[in-house]
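To start, the structure under review is shown below, and the notes come after it.
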Amino acid sequence: MTAQSENDPRASTDTPSEAALAEAKAAPSNSGIIVCDACPVLCRIRPGNTGACDRYGNMDGRLTRLDAFVVTQRALDADGKLVPFLESAWDGSLVPGADTFVTGIGAGTTYPDYKPAPFIVSSTVEGVDMVTVVTEGIFSYCGVKTKIDTDRYIGPEQSAVRVEGEQVGHVTTAEYGSQMLSLGGVRHLTGGSKREGVATCETLLALCNKLPVEMTVDGGAKLVVQAGKPPVIDGVTENRMRVGCGSATIGIFAQQWQGHVDEVIVVDDHITGVLTEHQAGRFLDMRPSGIRVRGRRSTPGRYFQVANPGTGWGGTDIADPLTIIEKIAPKTAWPGLKLLMVSTTGEHSGYFILDDALVPRPAEIPPAVAKVVARIGENCEPALSTVLFMAGAGGSLRAGVTENPIGLTRSVRDALTRVTSGGAPVYIWPGGGITFMVDVAAMPDNSFGYVPTPAIVAPMEFTMRRASYDAMGGHVGHLRSLESVIGEHRVKAIAWSGSNPWPMTPIKGGAEK
Amino acid sequence: MSVDVALSRDGRRLHLHEGPIDLMIEAWGEANEIAAAHAQAIAAFDGLLTELAAELPLLRQPLVDVPPALNGSVAQRMAAACWPHRAAFITPMAAVAGAVADHVLAAMCRDRFLSKAYVNDGGDIAFHLSSGEQFTCGMVADLRAASIAGRIKLSADMPVRGIATSGAPTKGSGGRSFSLGIADAVTVLAESAAAADAAATIIANAVDLPDHPGIRRVPAWSLDPDSDLRGRLVTIDVPKLDASAVDRALRGGWEVADALRARGHIYGAVLALQGRFAISNAIERWLLAA
């Protein structure tokens, strides 16, 4: 309302003030709100948010206990095949009669009080007495190894990887069709400034919980990394992982090109391949084309450093492929020579015919050649970022399992104790300790937590025969039956991921009673 | 009874929980006195949340010139603690954690012989000290990366029985502890936890750079439809600031803190933002190195 009506005694008192109107308009819609009835506060919770306690949240329109203690269940049909649970209709309550594995997710921790793990569960599987020790490890010695499937240049090896300006890790080796990042580790978590530690902890937590993280590489690219999703490099989503290096691509497709083109150059930041000069072309008795590319020749037909690394063709900085041609030998080349230039994913390609002056002129690509270019693409796997969590469980955490920690280490070494993380299989590094790696994609969502130390909290389960547990000096006085554990009020059941081996399958060998 | 009760293994610390309230309680004295104090604390806590929830609509209203007609004793403690700050925007909810701590402490100390005791409600602490006793209290400079940045010695001869910390949300993303300002942590000492809680909220709100474009703010009710802050912009992210900007923000909070101290509402405050500190004069002499 205007200043005039404000002073007007006849103005209706029901007219809302301008401020009230603006406030009403600014109010976001109340759709999707659920009411939590877990306590008398009766919080109304927006989608994706939590109530005042932070224990309950609105997950996809459903009231969800966020600190639930997770068990996974599977049901097998008569043929031993996994019966799928109806995820959308399932509210997380236990399915009677299904096989149940108690995970460490939400189990809690005993750190730094060295006492028995939160749950030491006894059960009988196929007539064998089994024990699963379930806990959550608090790891300062931990990090993630991230594999980014790309040929694009993301930055020099050893460069700092930063999140919000803080160094959280570094670029490590380039692997086949991919680039490795090493993120986290104790030096970034606790060895730097507090802000560095917090940024590192937040980065690890998000990556391990399968959330996207934006990061920058010093002297390199801006990345968005998310487990199981294509990497985004300088704003470009990577679709394909290359079929091989330039030389390998030549080798794979040489026979299919023969007879359709006279020369093929596969442009690659690492190893650019030139067909007629390459072993594959020689083997097929192909006529040398006289086209020489830039860079350093490694072996015949294989060239290093034809261009600078970049986000153009084949992970180089070039946009026009002809720029990598150093010279065309007039005595060897001939007018009408058919030249294909292609990247290692088939995403970039160009077809040229040499004119009478031996200058490559763009021409329409013949169907037979286009087919092979398309086949390069077909043979590329989807480019993904993958995240392996790595941590050392060989320290004080063992005291929650046994009075004699070395007994656990030896039992794991001897493959008498199976280690899982959230039910997912782990790889145990050889050598001392229980240093393990686990693919976070194989774990249930939101398996990880943190403490402000800062350190990452990850679920751990140690499964073994009862006899092995006795033999290692386990806390047998704290054994509880599976039935009593799953009777806990905050248990949430989720469906077993069929691609993981079932952890409760009895382990062969070891001490027998 | 709908509250969760847990006693630590050594029998010293009592954990009480219902809904959004978590209390850590410890008392010193004869074993039977401690046991009786624990029983009194449990009795005082049982039903407290239900009583508070019944008056939530009124407790979420801003204080203006008429004291709200509240019935519950915790609700009355909340309104009383916030009353001196009503010239700024404040609702009694600003003192809820401290008022619960004060209420349970008072109940557990009644008719008991305890040399000292505390009730810690998520960082807002009410404590009892008999003559000659003292607590050493650790302070954190950043609620998101809690480690001890300094310590305060609290002795019985000091007029302080409450300590509270406010600032950047400590809860998981989507939590409901919002600030209008940008402080990492503001710790306040006062005669009660409720008084400290209310003042810490006001001071933390005043640590601010209102025109800084990099600070991300959203209306409170976009996060919590029932927030007492309604459409007010609450801080959700603060970028790295240069030292002069940090000092400017801290100065704003310090002025509010010092005015409260001069009027006797608080006894001191420590303000922290991105590794820099402002300390109101009165408590410098009680600070110990970390």
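Here's how to read the names in the structure tokens: chain A, B, ... by the order shown, residue numbers from 1 in each chain, ligand numbers from 1 in the order shown.
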
Near Asp111 (chain B), counting only C-alpha atoms, which residues have an atom at most 12 Å away, once you skip same-chain residues fewer than 3 positions from it, shown as number ranges by chain? B: 33-34, 36-37, 40, 106-108, 114

Using the selection just defined, write its residues with C-alpha atoms as a compact mmCIF listing (two decimals), in the first residue's frame.
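That gives us part.txt:
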```txt
# COMPACT_ATOMS: atom_id res chain seq x y z
CA GLU B 33 24.58 -37.74 46.21
CA ILE B 34 25.63 -38.16 42.59
CA ALA B 36 20.35 -38.83 43.61
CA ALA B 37 21.40 -35.87 41.45
CA GLN B 40 16.65 -35.59 39.79
CA ALA B 106 18.97 -26.35 38.94
CA ALA B 107 16.84 -29.47 39.34
CA MET B 108 19.80 -31.78 39.90
CA LEU B 114 27.69 -31.56 45.13
```

Proximity of chain A to chain B: per-residue shortest pair, 6 Å limit, only C-alpha atoms, as a tab-separated table:
```
residue	atom	partner	partner_atom	distance
A:Cys39	CA	B:Gly19	CA	5.2
A:Pro40	CA	B:Thr50	CA	5.5
A:Val41	CA	B:Ala53	CA	5.3
A:Asn49	CA	B:Gly174	CA	4.5
A:Thr50	CA	B:Gly174	CA	5.3
A:Ala52	CA	B:Arg176	CA	5.4
A:Cys53	CA	B:Pro20	CA	3.7
A:Asp54	CA	B:Gly175	CA	6.0
A:Pro452	CA	B:Ala145	CA	5.0
```

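The interatomic distance for the pair CA of Gly432 (chain A) and CA of Met390 (chain A) works out to 14.7 Å.
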
What does the distance from CA of Ala81 (chain B) to CA of Gly253 (chain B) come to in Å, to one decimal? 19.0 Å

Pairwise distance for CA of Ile266 (chain B) and CA of Ala195 (chain B), rounded to one decimal in Å: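 CA of Ala195 (chain B) lies 7.4 Å from CA of Ile266 (chain B).
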
With a distance cut-off of 12 Å and only C-alpha atoms, select the neighbouring residues of Glu461 (chain A), excluding the residue or stretch itself and same-chain residues fewer than 5 positions from it, and output the selection as a tab-separated table (two decimals) with N, CA and C atoms, in the first residue's frame.
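The resulting file, around_3.tsv, is reproduced below:
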```
chain	number	residue	atom	x	y	z
A	71	VAL	N	21.65	-52.97	8.15
A	71	VAL	CA	21.88	-54.38	7.82
A	71	VAL	C	21.45	-54.57	6.37
A	101	PHE	N	23.06	-59.67	6.77
A	101	PHE	CA	24.44	-59.36	7.11
A	101	PHE	C	24.45	-58.01	7.81
A	102	VAL	N	25.07	-57.97	9.00
A	102	VAL	CA	25.13	-56.73	9.78
A	102	VAL	C	26.33	-55.93	9.32
A	103	THR	N	26.12	-54.71	8.79
A	103	THR	CA	27.24	-53.89	8.33
A	103	THR	C	27.70	-52.97	9.46
A	104	GLY	N	28.85	-52.36	9.24
A	104	GLY	CA	29.36	-51.39	10.21
A	104	GLY	C	28.71	-50.02	10.06
A	105	ILE	N	27.87	-49.83	9.03
A	105	ILE	CA	27.32	-48.50	8.77
A	105	ILE	C	26.40	-48.10	9.91
A	107	ALA	N	27.08	-48.31	12.99
A	107	ALA	CA	27.26	-49.16	14.17
A	107	ALA	C	27.83	-48.37	15.34
A	117	ALA	N	34.25	-54.12	20.19
A	117	ALA	CA	33.54	-53.43	19.12
A	117	ALA	C	32.05	-53.35	19.44
A	118	PRO	N	31.34	-52.38	18.85
A	118	PRO	CA	29.93	-52.18	19.19
A	118	PRO	C	29.08	-53.44	19.02
A	119	PHE	N	29.34	-54.21	17.96
A	119	PHE	CA	28.55	-55.43	17.74
A	119	PHE	C	29.47	-56.58	17.39
A	120	ILE	N	29.40	-57.63	18.18
A	120	ILE	CA	30.12	-58.87	17.87
A	120	ILE	C	29.02	-59.91	17.73
A	121	VAL	N	28.75	-60.26	16.48
A	121	VAL	CA	27.52	-60.96	16.15
A	121	VAL	C	27.81	-62.43	15.86
A	131	VAL	N	31.22	-65.68	13.20
A	131	VAL	CA	31.25	-64.45	13.99
A	131	VAL	C	31.53	-63.30	13.04
A	132	THR	N	30.77	-62.21	13.18
A	132	THR	CA	31.09	-60.98	12.46
A	132	THR	C	31.29	-59.87	13.49
A	133	VAL	N	32.48	-59.28	13.47
A	133	VAL	CA	32.76	-58.14	14.36
A	133	VAL	C	32.52	-56.87	13.55
A	134	VAL	N	31.61	-56.06	14.06
A	134	VAL	CA	31.11	-54.92	13.29
A	134	VAL	C	31.47	-53.63	14.03
A	135	THR	N	32.10	-52.70	13.30
A	135	THR	CA	32.47	-51.44	13.95
A	135	THR	C	32.56	-50.35	12.89
A	136	GLU	N	32.78	-49.15	13.35
A	136	GLU	CA	33.12	-48.08	12.42
A	136	GLU	C	34.52	-47.61	12.77
A	137	GLY	N	35.40	-47.62	11.78
A	137	GLY	CA	36.77	-47.17	12.00
A	137	GLY	C	36.86	-45.67	11.82
A	393	ALA	N	43.52	-50.35	8.69
A	393	ALA	CA	42.72	-50.87	9.80
A	393	ALA	C	43.58	-51.74	10.71
A	397	LEU	N	42.10	-50.06	16.07
A	397	LEU	CA	40.77	-50.63	15.77
A	397	LEU	C	40.72	-52.12	16.08
A	398	ARG	N	41.88	-52.78	15.94
A	398	ARG	CA	41.92	-54.22	16.17
A	398	ARG	C	41.58	-54.60	17.60
A	400	GLY	N	39.24	-53.67	19.30
A	400	GLY	CA	37.81	-53.92	19.44
A	400	GLY	C	37.43	-55.34	19.02
A	401	VAL	N	38.34	-56.01	18.32
A	401	VAL	CA	38.06	-57.35	17.81
A	401	VAL	C	38.63	-58.40	18.74
A	412	VAL	N	43.72	-62.32	9.14
A	412	VAL	CA	43.40	-61.69	7.86
A	412	VAL	C	44.41	-62.12	6.80
A	417	THR	N	40.05	-64.69	8.14
A	417	THR	CA	39.10	-63.64	8.46
A	417	THR	C	38.87	-62.82	7.20
A	418	ARG	N	37.58	-62.65	6.87
A	418	ARG	CA	37.19	-61.90	5.68
A	418	ARG	C	36.91	-60.47	6.10
A	419	VAL	N	37.53	-59.52	5.43
A	419	VAL	CA	37.31	-58.11	5.74
A	419	VAL	C	36.37	-57.54	4.70
A	420	THR	N	35.32	-56.86	5.15
A	420	THR	CA	34.43	-56.14	4.23
A	420	THR	C	34.20	-54.74	4.77
A	421	SER	N	33.77	-53.86	3.92
A	421	SER	CA	33.46	-52.48	4.31
A	421	SER	C	32.06	-52.17	3.79
A	422	GLY	N	31.11	-52.08	4.72
A	422	GLY	CA	29.73	-51.91	4.31
A	422	GLY	C	29.24	-53.11	3.51
A	423	GLY	N	29.87	-54.27	3.74
A	423	GLY	CA	29.48	-55.48	3.03
A	423	GLY	C	30.22	-55.67	1.71
A	424	ALA	N	30.95	-54.63	1.27
A	424	ALA	CA	31.66	-54.73	-0.02
A	424	ALA	C	33.02	-55.40	0.19
A	425	PRO	N	33.46	-56.17	-0.80
A	425	PRO	CA	34.76	-56.81	-0.66
A	425	PRO	C	35.88	-55.77	-0.69
A	426	VAL	N	36.98	-56.06	0.02
A	426	VAL	CA	38.12	-55.13	0.02
A	426	VAL	C	39.34	-55.86	-0.52
A	503	PRO	N	29.13	-62.04	2.19
A	503	PRO	CA	30.25	-62.14	3.13
A	503	PRO	C	30.12	-63.26	4.16
A	504	MET	N	28.90	-63.80	4.29
A	504	MET	CA	28.70	-64.78	5.35
A	504	MET	C	28.96	-66.22	4.89
```

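Within 6 Å of region 313-329 of chain A, once only C-alpha atoms are used and residues closer than 4 positions along the same chain are dropped, the contacting residues are Asp151, Arg152, Tyr153, Val267, Asp268, Asp269, Gly290, Ile291, Arg292, Val293, Arg294, Ala307, Asn308, Pro309, Ala333, Ser343 and Thr344 of chain A.
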
Would you kindly return, as a VMD selection string, each protein, DNA or RNA residue with an atom no farther than 12 Å from any atom of Glu238 (chain A), considering only C-alpha atoms and excluding same-chain residues fewer than 3 positions away? chain A and resid 148 to 153 177 to 178 223 to 225 229 to 235 241 to 242 311 315 345 347 380 to 385

Could the residues in this selection be written to a file with C-alpha atoms, as a PDB file, in the first residue's frame?
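Listing of out17.pdb after writing:
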```
ATOM      1  CA  ILE A 148      39.502 -40.476 -14.219  1.00  0.00           C
ATOM      2  CA  ASP A 149      38.896 -41.980 -17.633  1.00  0.00           C
ATOM      3  CA  THR A 150      40.050 -39.320 -20.054  1.00  0.00           C
ATOM      4  CA  ASP A 151      42.636 -38.463 -22.657  1.00  0.00           C
ATOM      5  CA  ARG A 152      42.244 -34.800 -21.939  1.00  0.00           C
ATOM      6  CA  TYR A 153      45.109 -33.138 -20.209  1.00  0.00           C
ATOM      7  CA  GLY A 177      43.124 -44.132 -20.984  1.00  0.00           C
ATOM      8  CA  SER A 178      42.916 -42.500 -17.615  1.00  0.00           C
ATOM      9  CA  LEU A 223      37.369 -31.101 -12.729  1.00  0.00           C
ATOM     10  CA  VAL A 224      34.078 -32.381 -11.401  1.00  0.00           C
ATOM     11  CA  VAL A 225      34.591 -35.875 -10.029  1.00  0.00           C
ATOM     12  CA  LYS A 229      29.769 -40.793 -13.192  1.00  0.00           C
ATOM     13  CA  PRO A 230      31.579 -39.377 -16.245  1.00  0.00           C
ATOM     14  CA  PRO A 231      34.238 -36.822 -15.307  1.00  0.00           C
ATOM     15  CA  VAL A 232      33.641 -33.200 -16.269  1.00  0.00           C
ATOM     16  CA  ILE A 233      36.837 -31.510 -17.426  1.00  0.00           C
ATOM     17  CA  ASP A 234      36.830 -27.754 -17.916  1.00  0.00           C
ATOM     18  CA  GLY A 235      33.075 -27.898 -18.266  1.00  0.00           C
ATOM     19  CA  MET A 241      37.256 -43.819 -22.677  1.00  0.00           C
ATOM     20  CA  ARG A 242      39.658 -44.271 -25.591  1.00  0.00           C
ATOM     21  CA  THR A 311      41.552 -30.696 -24.346  1.00  0.00           C
ATOM     22  CA  GLY A 315      44.165 -35.139 -25.405  1.00  0.00           C
ATOM     23  CA  THR A 345      37.913 -42.251 -29.201  1.00  0.00           C
ATOM     24  CA  GLU A 347      35.112 -38.364 -31.384  1.00  0.00           C
ATOM     25  CA  CYS A 380      35.248 -47.218 -26.257  1.00  0.00           C
ATOM     26  CA  GLU A 381      33.861 -47.903 -22.829  1.00  0.00           C
ATOM     27  CA  PRO A 382      31.933 -45.154 -21.056  1.00  0.00           C
ATOM     28  CA  ALA A 383      34.344 -42.767 -19.348  1.00  0.00           C
ATOM     29  CA  LEU A 384      33.875 -42.790 -15.576  1.00  0.00           C
ATOM     30  CA  SER A 385      35.442 -41.461 -12.458  1.00  0.00           C
TER      31      SER A 385
END
```

Could you find all residues in region 85-265 of chain B that DSSP calls helix (DSSP H, G or I) from the backbone, and write them as a PyMOL selection string? chain B and resi 85+92-109+193-206+220-223+243-262

For Asp60 (chain A), list every protein, DNA or RNA residue within 9 Å, evaluated using only C-alpha atoms, and leave out those in the same chain fewer than 4 positions away; present the list as a list in words.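 Here the answer would be Gly32, Pro47 and Gly48 of chain A.
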
Members of region 230-478 of chain A assigned strand (DSSP E) by DSSP, as a ChimeraX atom specification: /A:232-233,236-237,263-267,272-274,291-293,296-299,302-304,325-328,338-343,349-354,360-362,385-392,417-421,424-425,427-428,435-439,449-451,455-465

Given the choices B:Pro57, B:Gly264, B:Pro62, B:Gly98, which gets closest to Arg77 (chain B) if the distance is worked out from only C-alpha atoms?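 Selected residue with least distance to Arg77 (chain B): B:Gly98.
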